[in-house]
$ cat run15.txt   # compact mmCIF, C-alpha atoms and all ligand atoms
# COMPACT_ATOMS: atom_id res chain seq x y z
CA MET C 17 51.10 -2.99 19.78
CA ASP C 18 50.69 -0.20 22.30
CA ASN C 19 49.93 3.54 22.17
CA ILE C 20 48.69 3.67 18.60
CA LYS C 21 47.20 7.07 17.71
CA ILE C 22 44.16 6.88 15.39
CA GLU C 23 44.65 9.38 12.58
CA ASN C 24 41.40 8.94 10.72
CA LEU C 25 38.44 6.69 9.97
CA ASN C 26 38.03 4.98 6.57
CA ILE C 27 34.84 4.22 4.58
CA ASN C 28 34.46 0.88 6.42
CA GLY C 29 34.33 2.73 9.73
CA GLU C 30 37.78 1.41 10.70
CA GLY C 31 40.33 3.57 12.49
CA VAL C 32 43.51 4.12 10.49
CA SER C 33 47.02 4.67 11.80
CA PHE C 34 50.49 4.40 10.26
CA VAL C 35 53.02 2.12 11.92
CA TYR C 36 56.50 1.35 10.46
CA ASN C 37 55.26 2.77 7.11
CA LYS C 38 52.35 0.34 7.10
CA LYS C 39 48.69 1.27 7.22
CA LEU C 40 47.07 -0.19 10.33
CA CYS C 41 43.26 -0.65 10.42
CA VAL C 42 41.29 -1.36 13.57
CA LYS C 43 37.53 -1.41 14.28
CA GLY C 44 35.78 0.20 17.25
CA VAL C 45 37.91 3.33 17.59
CA LEU C 46 37.59 7.07 17.01
CA LYS C 47 39.86 9.75 15.55
CA ASP C 48 42.61 10.92 17.95
CA GLU C 49 42.10 8.03 20.38
CA ILE C 50 45.24 6.30 21.65
CA VAL C 51 44.76 2.56 21.76
CA ASN C 52 46.48 -0.78 22.33
CA VAL C 53 45.84 -3.37 19.66
CA GLU C 54 46.53 -6.99 18.82
CA VAL C 55 47.80 -7.71 15.31
CA LEU C 56 45.57 -10.14 13.40
CA GLN C 57 47.19 -10.03 9.98
CA THR C 58 50.26 -8.37 8.44
CA LYS C 59 50.84 -7.79 4.74
CA GLU C 60 53.48 -5.80 2.82
CA ASN C 61 51.85 -2.40 3.43
CA PHE C 62 49.00 -3.27 5.71
CA ILE C 63 48.23 -4.41 9.25
CA LEU C 64 44.80 -5.59 10.38
CA ALA C 65 44.43 -5.30 14.13
CA LYS C 66 41.92 -5.92 16.91
CA LEU C 67 41.25 -3.39 19.64
CA ASN C 68 42.57 -4.47 23.03
CA ASN C 69 41.98 -1.37 25.12
CA ILE C 70 41.64 2.38 24.84
CA CYS C 71 44.32 4.40 26.67
CA SER C 72 42.92 7.81 25.81
CA PRO C 73 39.23 7.82 24.80
CA SER C 74 37.61 10.44 22.57
CA PRO C 75 35.17 12.84 24.31
CA MET C 76 32.58 11.55 21.80
CA ARG C 77 32.74 8.00 23.18
CA ILE C 78 29.61 6.76 24.99
CA CYS C 79 28.59 3.44 26.53
CA PRO C 80 26.68 1.37 23.89
CA LYS C 81 23.03 0.74 24.76
CA CYS C 82 22.96 -2.82 23.47
CA LEU C 83 24.09 -5.67 25.72
CA PHE C 84 25.09 -7.77 22.72
CA VAL C 85 27.05 -5.11 20.82
CA ASP C 86 30.44 -6.84 21.10
CA GLN C 87 29.20 -10.36 20.39
CA CYS C 88 26.91 -9.46 17.47
CA GLY C 89 29.06 -6.72 15.92
CA GLY C 90 26.34 -5.44 13.56
CA CYS C 91 26.14 -1.99 15.20
CA ASP C 92 29.77 -0.93 14.86
CA PHE C 93 29.08 2.79 15.61
CA MET C 94 27.01 2.31 18.76
CA PHE C 95 29.78 3.83 20.89
CA VAL C 96 28.92 7.37 19.68
CA GLN C 97 25.66 9.36 19.67
CA SER C 98 23.90 9.11 16.29
CA ALA C 99 24.47 12.82 15.62
CA ASP C 100 28.22 12.38 16.17
CA GLY C 101 28.15 9.21 14.09
CA LEU C 102 26.61 11.12 11.20
CA ALA C 103 29.16 13.96 11.55
CA ILE C 104 31.94 11.33 11.39
CA LYS C 105 30.37 9.77 8.28
CA LYS C 106 30.25 13.21 6.64
CA GLN C 107 33.93 13.75 7.43
CA ILE C 108 34.83 10.30 6.06
CA MET C 109 33.01 11.05 2.78
CA GLN C 110 34.38 14.59 2.48
CA GLU C 111 37.89 13.09 2.77
CA TYR C 112 37.21 10.11 0.49
CA PHE C 113 35.82 12.28 -2.33
CA LYS C 114 38.34 15.12 -1.84
CA GLY C 115 39.94 14.81 -5.27
CA ILE C 116 36.65 14.95 -7.15
CA PHE C 117 34.29 17.03 -5.00
CA SER C 118 35.33 20.17 -3.14
CA GLY C 119 31.83 21.38 -2.12
CA GLU C 120 30.11 20.59 1.16
CA ILE C 121 28.43 17.24 1.58
CA ILE C 122 25.00 17.68 3.21
CA ALA C 123 24.29 15.16 5.98
CA ASN C 124 20.65 14.14 6.65
CA ALA C 125 19.86 12.52 10.00
CA SER C 126 17.44 9.67 10.62
CA LYS C 127 14.27 10.58 12.56
CA LYS C 128 14.83 7.49 14.70
CA ASP C 129 18.17 6.57 16.25
CA PHE C 130 16.82 3.15 17.30
CA ALA C 131 13.93 0.88 16.21
CA PHE C 132 14.25 2.05 12.58
CA ARG C 133 14.91 -1.25 10.75
CA ASN C 134 11.91 -2.73 8.95
CA LYS C 135 13.65 -6.00 8.05
CA VAL C 136 15.95 -8.38 9.91
CA SER C 137 17.24 -11.82 8.86
CA PHE C 138 17.63 -14.00 11.94
CA ALA C 139 19.93 -17.03 11.70
CA VAL C 140 18.74 -20.39 13.04
CA CYS C 141 20.72 -23.48 13.99
CA LYS C 142 19.68 -26.45 16.16
CA GLY C 143 16.98 -24.63 18.10
CA LYS C 144 19.10 -21.47 18.49
CA ILE C 145 17.98 -18.21 16.85
CA GLY C 146 19.74 -14.84 16.75
CA LEU C 147 22.02 -12.67 14.67
CA LYS C 148 25.11 -13.98 12.89
CA LYS C 149 28.28 -12.68 14.53
CA GLN C 150 30.14 -10.38 12.12
CA GLY C 151 32.58 -12.37 9.98
CA SER C 152 31.54 -15.73 11.44
CA HIS C 153 28.81 -18.37 11.14
CA GLU C 154 28.25 -18.41 14.90
CA ILE C 155 24.87 -17.30 16.21
CA CYS C 156 24.64 -14.56 18.83
CA GLU C 157 21.47 -15.34 20.82
CA ILE C 158 19.99 -11.91 21.47
CA SER C 159 16.87 -11.16 23.51
CA HIS C 160 15.90 -8.03 21.56
CA CYS C 161 17.39 -6.02 18.68
CA LEU C 162 17.48 -2.29 19.45
CA VAL C 163 17.68 -1.17 15.82
CA ALA C 164 14.77 -3.36 14.66
CA ASN C 165 11.25 -1.94 14.95
CA GLU C 166 8.91 -3.14 17.70
CA ASP C 167 6.82 -5.41 15.44
CA ILE C 168 9.96 -7.22 14.28
CA ASN C 169 11.00 -7.76 17.90
CA LYS C 170 7.52 -9.09 18.70
CA ALA C 171 7.64 -11.54 15.77
CA PHE C 172 11.21 -12.50 16.75
CA GLU C 173 10.08 -13.33 20.30
CA ILE C 174 7.31 -15.55 18.89
CA SER C 175 9.72 -17.24 16.45
CA LYS C 176 12.21 -17.86 19.26
CA LYS C 177 9.65 -19.69 21.39
CA TRP C 178 8.46 -21.67 18.38
CA ILE C 179 11.90 -22.71 17.09
CA LYS C 180 12.89 -24.11 20.51
CA ASN C 181 10.01 -26.59 20.30
CA ALA C 182 10.01 -27.15 16.54
CA LYS C 183 13.59 -28.54 16.63
CA ASN C 184 13.68 -28.64 12.83
CA CYS C 185 17.29 -28.94 11.71
CA GLU C 186 16.49 -27.90 8.14
CA ILE C 187 15.51 -24.34 9.10
CA CYS C 188 18.44 -21.95 8.66
CA HIS C 189 16.87 -18.45 8.76
CA ILE C 190 13.70 -16.58 9.67
CA VAL C 191 13.43 -13.32 7.74
CA ILE C 192 11.03 -10.82 9.29
CA ARG C 193 9.81 -7.63 7.64
CA GLY C 194 7.41 -5.20 9.33
CA ILE C 195 6.13 -2.03 7.71
CA GLY C 196 3.21 0.07 9.00
CA GLY C 197 1.85 -2.71 11.23
CA HIS C 198 1.91 -5.36 8.45
CA MET C 199 4.33 -8.28 8.67
CA SER C 200 5.93 -10.93 6.49
CA ILE C 201 7.63 -13.84 8.24
CA CYS C 202 9.62 -16.10 5.96
CA VAL C 203 10.96 -19.42 7.23
CA VAL C 204 13.99 -20.46 5.16
CA ALA C 205 15.09 -24.09 5.07
CA ARG C 206 17.89 -25.96 3.30
CA ARG C 207 15.50 -28.75 2.19
CA PRO C 208 11.70 -29.19 1.91
CA PHE C 209 10.09 -30.08 5.25
CA ASP C 210 6.68 -30.93 6.68
CA TYR C 211 4.76 -27.60 6.78
CA GLY C 212 2.63 -29.04 9.62
CA VAL C 213 5.32 -27.80 12.04
CA LEU C 214 4.39 -24.22 11.06
CA GLU C 215 0.90 -24.51 12.56
CA ASP C 216 2.00 -23.40 16.05
CA LEU C 217 3.99 -20.48 14.62
CA LYS C 218 1.00 -19.38 12.53
CA ASN C 219 -1.32 -19.52 15.57
CA ALA C 220 1.09 -17.51 17.74
CA LEU C 221 1.55 -14.88 15.00
CA GLU C 222 -2.23 -14.64 14.58
CA GLY C 223 -2.52 -13.96 18.31
CA SER C 224 -0.23 -10.93 17.96
CA PHE C 225 -0.83 -9.59 14.46
CA GLY C 226 -4.41 -10.72 13.69
CA ASN C 227 -4.79 -10.89 9.91
CA LYS C 228 -2.02 -8.36 9.18
CA PHE C 229 0.72 -10.88 8.42
CA GLY C 230 1.85 -13.42 5.87
CA LEU C 231 3.73 -16.64 6.68
CA PHE C 232 6.12 -17.78 3.94
CA VAL C 233 8.49 -20.66 3.22
CA SER C 234 11.57 -20.40 1.05
CA ILE C 235 13.68 -23.45 0.26
CA ASN C 236 17.29 -22.51 -0.29
CA PRO C 237 19.99 -25.19 -0.51
CA SER C 238 22.63 -22.53 -1.28
CA LYS C 239 24.62 -20.86 1.49
CA ASN C 240 25.49 -17.74 -0.57
CA LYS C 241 22.15 -15.98 -0.24
CA ILE C 242 19.68 -15.93 2.64
CA LEU C 243 16.44 -16.34 0.67
CA GLY C 244 15.92 -18.90 -2.06
CA LYS C 245 14.67 -18.13 -5.59
CA LYS C 246 11.05 -18.61 -4.50
CA CYS C 247 9.10 -17.61 -1.45
CA ASP C 248 5.73 -19.39 -1.08
CA CYS C 249 2.95 -17.84 0.95
CA ILE C 250 1.65 -20.57 3.28
CA PHE C 251 -0.84 -18.42 5.14
CA GLY C 252 -2.19 -14.86 5.23
CA GLU C 253 -1.15 -11.69 3.37
CA GLU C 254 0.93 -12.34 0.24
CA LYS C 255 2.43 -8.85 0.28
CA ILE C 256 2.82 -5.88 2.61
CA PRO C 257 0.88 -2.74 1.65
CA VAL C 258 2.83 0.55 1.78
CA ASN C 259 1.78 4.12 1.08
CA TYR C 260 4.22 6.96 0.41
CA PHE C 261 3.62 10.30 -1.33
CA GLY C 262 0.06 9.15 -2.05
CA ILE C 263 1.31 6.06 -3.90
CA GLN C 264 -0.16 2.73 -2.81
CA THR C 265 2.18 -0.21 -3.42
CA TYR C 266 2.93 -3.69 -2.10
CA VAL C 267 6.17 -5.43 -1.15
CA ARG C 268 6.74 -9.19 -1.36
CA PRO C 269 9.46 -10.93 0.69
CA LEU C 270 11.87 -11.29 -2.25
CA SER C 271 11.65 -7.64 -3.29
CA PHE C 272 14.17 -5.06 -2.16
CA PHE C 273 12.73 -2.30 0.00
CA GLN C 274 14.76 0.40 1.81
CA ILE C 275 15.14 -0.68 5.46
CA ASN C 276 14.60 2.72 7.11
CA ASP C 277 11.14 3.98 6.00
CA ASP C 278 11.58 7.60 7.20
CA VAL C 279 14.99 8.06 5.63
CA ALA C 280 13.83 6.44 2.39
CA GLU C 281 10.97 8.95 2.23
CA MET C 282 13.38 11.85 2.81
CA MET C 283 15.77 10.57 0.16
CA TYR C 284 13.04 9.95 -2.42
CA SER C 285 11.77 13.48 -1.89
CA LYS C 286 15.27 14.80 -2.74
CA VAL C 287 15.30 12.64 -5.89
CA LEU C 288 11.89 14.08 -6.79
CA ASP C 289 13.34 17.61 -6.52
CA GLU C 290 15.56 16.70 -9.50
CA ILE C 291 12.66 15.58 -11.68
CA SER C 292 10.35 17.74 -13.79
CA ASN C 293 8.27 16.99 -16.86
CA GLU C 294 10.99 15.01 -18.66
CA VAL C 295 11.71 11.39 -19.56
CA VAL C 296 13.32 9.42 -16.72
CA VAL C 297 15.34 6.26 -17.31
CA GLU C 298 15.72 4.40 -14.02
CA GLY C 299 18.07 1.50 -13.37
CA TYR C 300 17.89 -0.89 -10.39
CA SER C 301 14.31 0.08 -9.54
CA GLY C 302 13.35 -2.62 -6.99
CA ALA C 303 9.66 -2.92 -6.12
CA GLY C 304 8.97 0.32 -7.99
CA LEU C 305 7.96 2.75 -5.26
CA LEU C 306 10.41 5.44 -6.41
CA SER C 307 9.41 4.74 -10.03
CA CYS C 308 5.74 5.44 -9.19
CA ILE C 309 6.61 8.59 -7.25
CA MET C 310 8.64 9.88 -10.21
CA ALA C 311 5.96 8.88 -12.73
CA LYS C 312 3.53 11.27 -11.02
CA ARG C 313 5.77 14.16 -12.06
CA ALA C 314 7.76 13.00 -15.12
CA ARG C 315 6.50 12.65 -18.70
CA GLU C 316 7.55 9.00 -19.04
CA VAL C 317 9.48 6.70 -16.68
CA TYR C 318 11.30 3.59 -17.90
CA SER C 319 12.44 1.38 -15.01
CA VAL C 320 14.70 -1.67 -15.14
CA GLU C 321 14.87 -4.31 -12.41
CA ILE C 322 16.39 -7.80 -12.52
CA GLU C 323 14.32 -9.49 -9.77
CA GLN C 324 11.08 -10.91 -11.21
CA SER C 325 9.10 -10.61 -7.99
CA ALA C 326 10.11 -6.95 -7.62
CA THR C 327 8.98 -6.23 -11.20
CA LYS C 328 5.70 -7.98 -10.39
CA ASP C 329 5.28 -5.64 -7.39
CA ALA C 330 6.19 -2.69 -9.61
CA ASN C 331 3.59 -3.68 -12.23
CA ASP C 332 0.90 -4.11 -9.56
CA ALA C 333 1.76 -0.63 -8.25
CA LYS C 334 1.60 0.83 -11.76
CA LYS C 335 -1.92 -0.58 -12.25
CA LEU C 336 -3.14 0.33 -8.79
CA ASN C 337 -1.96 3.92 -9.15
CA LYS C 338 -3.10 4.19 -12.80
CA LEU C 339 0.32 5.31 -14.03
CA ASP C 340 0.18 4.72 -17.79
CA ASN C 341 3.43 6.63 -18.28
CA LEU C 342 5.41 4.09 -16.21
CA HIS C 343 7.08 1.23 -18.07
CA ASN C 344 8.58 -1.55 -15.91
CA ILE C 345 11.14 -3.72 -17.63
CA ASN C 346 12.32 -6.96 -16.08
CA GLY C 347 15.97 -7.58 -16.93
CA ASP C 348 19.62 -6.76 -16.41
CA CYS C 349 20.51 -3.06 -16.65
CA ASP C 350 23.63 -3.96 -18.61
CA VAL C 351 21.33 -5.38 -21.30
CA GLU C 352 18.19 -3.24 -21.10
CA MET C 353 19.61 0.26 -20.51
CA GLU C 354 21.36 0.45 -23.91
CA LYS C 355 18.20 0.83 -25.99
CA LEU C 356 16.53 3.11 -23.43
CA LEU C 357 19.52 5.46 -23.31
CA LEU C 358 19.89 5.53 -27.11
CA GLN C 359 16.19 6.35 -27.55
CA ASN C 360 16.04 9.01 -24.80
CA SER C 361 19.17 11.12 -25.12
CA GLY C 362 17.78 14.08 -23.17
CA ALA C 363 16.60 11.94 -20.26
CA THR C 364 17.36 12.18 -16.58
CA VAL C 365 18.92 8.91 -15.46
CA VAL C 366 18.25 7.63 -11.93
CA LEU C 367 20.42 4.79 -10.65
CA ASP C 368 20.21 2.93 -7.33
CA PRO C 369 22.53 -0.07 -7.79
CA PRO C 370 23.39 -2.82 -5.29
CA ARG C 371 26.71 -2.65 -3.36
CA SER C 372 28.63 -3.81 -6.44
CA GLY C 373 27.80 -0.51 -8.16
CA VAL C 374 26.58 0.39 -11.66
CA GLY C 375 27.25 -2.26 -14.32
CA ARG C 376 30.13 -1.67 -16.71
CA HIS C 377 28.02 -1.61 -19.87
CA THR C 378 25.47 0.74 -18.31
CA LEU C 379 28.29 3.17 -17.48
CA GLU C 380 29.74 2.87 -20.98
CA MET C 381 26.33 3.56 -22.52
CA ILE C 382 25.92 6.65 -20.33
CA ALA C 383 29.34 7.89 -21.46
CA HIS C 384 28.27 7.20 -25.05
CA THR C 385 24.79 8.80 -24.97
CA LEU C 386 25.52 11.54 -22.38
CA PRO C 387 22.09 12.07 -20.80
CA ASN C 388 21.55 15.54 -19.26
CA LYS C 389 21.49 14.57 -15.62
CA ILE C 390 22.29 11.52 -13.49
CA VAL C 391 20.86 11.01 -10.03
CA MET C 392 22.82 8.32 -8.27
CA ILE C 393 21.86 6.59 -5.01
CA SER C 394 24.46 4.35 -3.41
CA CYS C 395 24.96 2.29 -0.26
CA ASN C 396 28.64 1.69 -0.99
CA PRO C 397 31.06 4.66 -1.02
CA TYR C 398 33.77 2.53 -2.68
CA THR C 399 31.80 1.65 -5.82
CA LEU C 400 30.11 5.09 -5.81
CA ARG C 401 33.53 6.75 -6.06
CA GLN C 402 34.61 4.37 -8.84
CA ASN C 403 31.41 5.12 -10.80
CA VAL C 404 31.65 8.89 -10.28
CA VAL C 405 35.34 8.92 -11.28
CA PHE C 406 34.39 7.12 -14.50
CA LEU C 407 31.69 9.71 -15.28
CA ASN C 408 33.73 12.69 -14.11
CA LYS C 409 35.15 13.33 -17.61
CA PHE C 410 31.67 14.28 -18.83
CA TYR C 411 29.83 15.30 -15.64
CA ASN C 412 30.25 17.68 -12.70
CA ILE C 413 28.92 16.87 -9.26
CA LYS C 414 26.02 19.28 -8.71
CA SER C 415 25.18 18.14 -5.20
CA PHE C 416 26.28 15.47 -2.76
CA GLU C 417 24.18 14.37 0.24
CA ILE C 418 24.44 11.51 2.67
CA PHE C 419 21.56 9.96 4.62
CA ASP C 420 21.73 8.14 7.93
CA MET C 421 19.81 5.15 6.62
CA PHE C 422 21.64 2.88 9.11
CA PRO C 423 22.19 4.70 12.43
CA GLN C 424 24.45 2.91 14.97
CA THR C 425 26.46 1.47 12.07
CA SER C 426 29.25 2.83 9.86
CA HIS C 427 27.18 2.28 6.69
CA ILE C 428 26.66 5.35 4.51
CA GLU C 429 23.87 5.97 2.00
CA SER C 430 24.61 8.68 -0.58
CA LEU C 431 22.73 10.69 -3.17
CA VAL C 432 24.85 12.34 -5.83
CA VAL C 433 23.51 14.51 -8.65
CA LEU C 434 25.70 14.77 -11.76
CA GLU C 435 25.21 17.38 -14.48
CA ARG C 436 26.66 17.45 -17.99
CA LYS C 437 29.81 19.56 -18.30
C1 LIG Y 1 19.57 -0.88 -3.80
S1 LIG Y 1 18.22 -1.68 -4.54
C2 LIG Y 1 17.29 -0.30 -5.12
C3 LIG Y 1 15.81 -0.48 -5.24
C4 LIG Y 1 14.94 0.76 -5.39
N1 LIG Y 1 15.56 1.86 -6.07
C5 LIG Y 1 14.39 1.22 -4.05
O1 LIG Y 1 14.73 2.29 -3.57
O2 LIG Y 1 13.60 0.47 -3.48
C6 LIG Y 1 18.97 -2.35 -5.93
C7 LIG Y 1 18.04 -3.14 -6.84
O3 LIG Y 1 18.78 -3.49 -8.02
C8 LIG Y 1 18.38 -4.78 -8.45
N2 LIG Y 1 19.47 -5.27 -9.31
C9 LIG Y 1 20.65 -5.83 -8.94
N3 LIG Y 1 21.41 -6.07 -10.02
C10 LIG Y 1 20.72 -5.65 -11.11
C11 LIG Y 1 20.99 -5.61 -12.50
N4 LIG Y 1 22.14 -6.08 -13.00
N5 LIG Y 1 20.06 -5.10 -13.33
C12 LIG Y 1 18.87 -4.63 -12.83
N6 LIG Y 1 18.56 -4.65 -11.51
C13 LIG Y 1 19.47 -5.14 -10.66
C14 LIG Y 1 18.14 -5.53 -7.15
O4 LIG Y 1 17.28 -6.63 -7.34
C15 LIG Y 1 17.52 -4.44 -6.26
O5 LIG Y 1 16.11 -4.45 -6.36

$ encode --input "run15.txt" --output "structure tokens"
Amino acid sequence: MDNIKIENLNINGEGVSFVYNKKLCVKGVLKDEIVNVEVLQTKENFILAKLNNICSPSPMRICPKCLFVDQCGGCDFMFVQSADGLAIKKQIMQEYFKGIFSGEIIANASKKDFAFRNKVSFAVCKGKIGLKKQGSHEICEISHCLVANEDINKAFEISKKWIKNAKNCEICHIVIRGIGGHMSICVVARRPFDYGVLEDLKNALEGSFGNKFGLFVSINPSKNKILGKKCDCIFGEEKIPVNYFGIQTYVRPLSFFQINDDVAEMMYSKVLDEISNEVVVEGYSGAGLLSCIMAKRAREVYSVEIEQSATKDANDAKKLNKLDNLHNINGDCDVEMEKLLLQNSGATVVLDPPRSGVGRHTLEMIAHTLPNKIVMISCNPYTLRQNVVFLNKFYNIKSFEIFDMFPQTSHIESLVVLERK
């Protein structure tokens, strides 16, 4: 199809146009561009297309810095400056939330446009290592990832040399995390293997990172998740030390940790602005850094997290920082939040769910107990809108901010504060 004018961008960063009364979606385009596309899929009201060429480019369009941008596909907004990318994300959100929020959404930029990621999962297959091409199982063999921090790139280079010689067919991923000069390198395999092959990798990592790294193995027969249920430390540091807002904590490979340290710090400080000397009930608390930060200010903090290793990190952090008013609960929010909400009706509720959004029962319990304030962090505008629409009967949106947690990509991180009507 030729000469398609892009009307808008949607929450997935796709350009939207209307052709023969059908909505056409295409990646890699900007508002007002005129493009030629190839149709990939047609449904009753919908066409999915692939960009062929741009007839009339937007003045915002720049040449992407990464050589692998088209093959890898992870950085789907690399064809605009980060500042323009963030302005586009703000516009997308303003439009998407139009019916329920008429105020201005505040957009917070990332300090770093590149080299901001503190964790990357590299795919491995038959001696090849790289990033999985978007929507495929194929590996894109990159030389360097521009959004990953320098330490990750260094550890990737070492892993690449090692995997070529190791020729171990069982290894399917190497997950590298690097925060503040400390590293965790986790080798993931489908089946148990002889750990002797890791000796060369360990020696090479030692040469670069001294004693500031941990080498891990995770056995994961399942293809649905990258890491298995367990992650065994084979050598070195069992956890990465981190220090924010004067809180000392540790992160293990299985625990969630925000991938852009600077933006996480900025976002947590905005959450902290909403907390005073009250009771906080926190759902989806991860390794507990935000819980500790809040516990320094709040009267009591009750935090619920499903991942055992993350709760272990959170309990270590509680002890280390002597926070007797912090109570970490390991379990499912849909089970554990009920009692906490019933017992603390005046609480401030802080929620930072995974992409699937806040659990149904947690939402129902909020609607039933009506806590004073809800601070909601979300990495998925779709489920965020669903959750806010559900709560909109009882709550007004006090403030709405977005954070450029993932520059060069269309992903949007939001912080929404809801107050009782
Ligand atoms: C987006 S992360 C937020 C972590 C934390 N707030 C932070 O900033 O580091 C979501 C967390 O929710 C946890 N989680 C997912 N489903 C859950 C559930 N049903 N109940 C409790 N925790 C859950 C995940 O393990 C993950 O640690």

$ closest_atom_pairs --input "run15.txt" --of "chain C" --to "ligand LIG 1 (chain Y)" --cutoff "6 Å" --atoms "all atoms listed in the file" --output "CSV"
residue,atom,partner,partner_atom,distance
C:Phe272,CA,Y:LIG1,O5,4.7
C:Phe273,CA,Y:LIG1,O2,4.5
C:Gln274,CA,Y:LIG1,O2,5.4
C:Tyr300,CA,Y:LIG1,O3,3.6
C:Ser301,CA,Y:LIG1,N1,4.1
C:Gly302,CA,Y:LIG1,O5,3.4
C:Ala303,CA,Y:LIG1,O2,5.8
C:Val320,CA,Y:LIG1,C12,5.6
C:Glu321,CA,Y:LIG1,N6,3.8
C:Ile322,CA,Y:LIG1,N6,4.0
C:Glu323,CA,Y:LIG1,O4,4.8
C:Gly347,CA,Y:LIG1,C12,5.8
C:Asp348,CA,Y:LIG1,N5,3.5
C:Cys349,CA,Y:LIG1,N5,3.9
C:Asp368,CA,Y:LIG1,C2,4.9
C:Pro369,CA,Y:LIG1,C6,4.6
C:Pro370,CA,Y:LIG1,C6,4.5

$ write_last_selection --input "run15.txt" --atoms "C-alpha atoms" --output "PDB file, keeping the file's coordinate frame"
ATOM      1  CA  PHE C 272      14.170  -5.060  -2.160  1.00  0.00           C
ATOM      2  CA  PHE C 273      12.730  -2.300   0.000  1.00  0.00           C
ATOM      3  CA  GLN C 274      14.760   0.400   1.810  1.00  0.00           C
ATOM      4  CA  TYR C 300      17.890  -0.890 -10.390  1.00  0.00           C
ATOM      5  CA  SER C 301      14.310   0.080  -9.540  1.00  0.00           C
ATOM      6  CA  GLY C 302      13.350  -2.620  -6.990  1.00  0.00           C
ATOM      7  CA  ALA C 303       9.660  -2.920  -6.120  1.00  0.00           C
ATOM      8  CA  VAL C 320      14.700  -1.670 -15.140  1.00  0.00           C
ATOM      9  CA  GLU C 321      14.870  -4.310 -12.410  1.00  0.00           C
ATOM     10  CA  ILE C 322      16.390  -7.800 -12.520  1.00  0.00           C
ATOM     11  CA  GLU C 323      14.320  -9.490  -9.770  1.00  0.00           C
ATOM     12  CA  GLY C 347      15.970  -7.580 -16.930  1.00  0.00           C
ATOM     13  CA  ASP C 348      19.620  -6.760 -16.410  1.00  0.00           C
ATOM     14  CA  CYS C 349      20.510  -3.060 -16.650  1.00  0.00           C
ATOM     15  CA  ASP C 368      20.210   2.930  -7.330  1.00  0.00           C
ATOM     16  CA  PRO C 369      22.530  -0.070  -7.790  1.00  0.00           C
ATOM     17  CA  PRO C 370      23.390  -2.820  -5.290  1.00  0.00           C
TER      18      PRO C 370
END

$ residues_around --input "run15.txt" --residues "Leu83 (chain C)" --least-positions-apart "2" --cutoff "10 Å" --atoms "all atoms listed in the file" --output "MDAnalysis selection string"
chainID C and resid 80:81 85:88 158:162

$ residues_around --input "run15.txt" --residues "region 68-71 of chain C" --least-positions-apart "3" --cutoff "7 Å" --atoms "all atoms listed in the file" --output "ChimeraX atom specification"
/C:50-54

$ residues_around --input "run15.txt" --residues "Ala139 (chain C)" --least-positions-apart "2" --cutoff "7 Å" --atoms "all atoms listed in the file" --output "JSON, numbers by chain"
{"C": [137, 141, 145, 146, 147, 148, 155, 188, 189, 190]}

$ closest_residue --input "run15.txt" --among "C:Val374, C:Val365, C:Val432, C:Met199" --to "Leu386 (chain C)" --atoms "only C-alpha atoms"
C:Val365

$ closest_residue --input "run15.txt" --among "C:Ser426, C:Asn337, C:Asn396, C:Asn388" --to "Phe261 (chain C)" --atoms "all atoms listed in the file"
C:Asn337
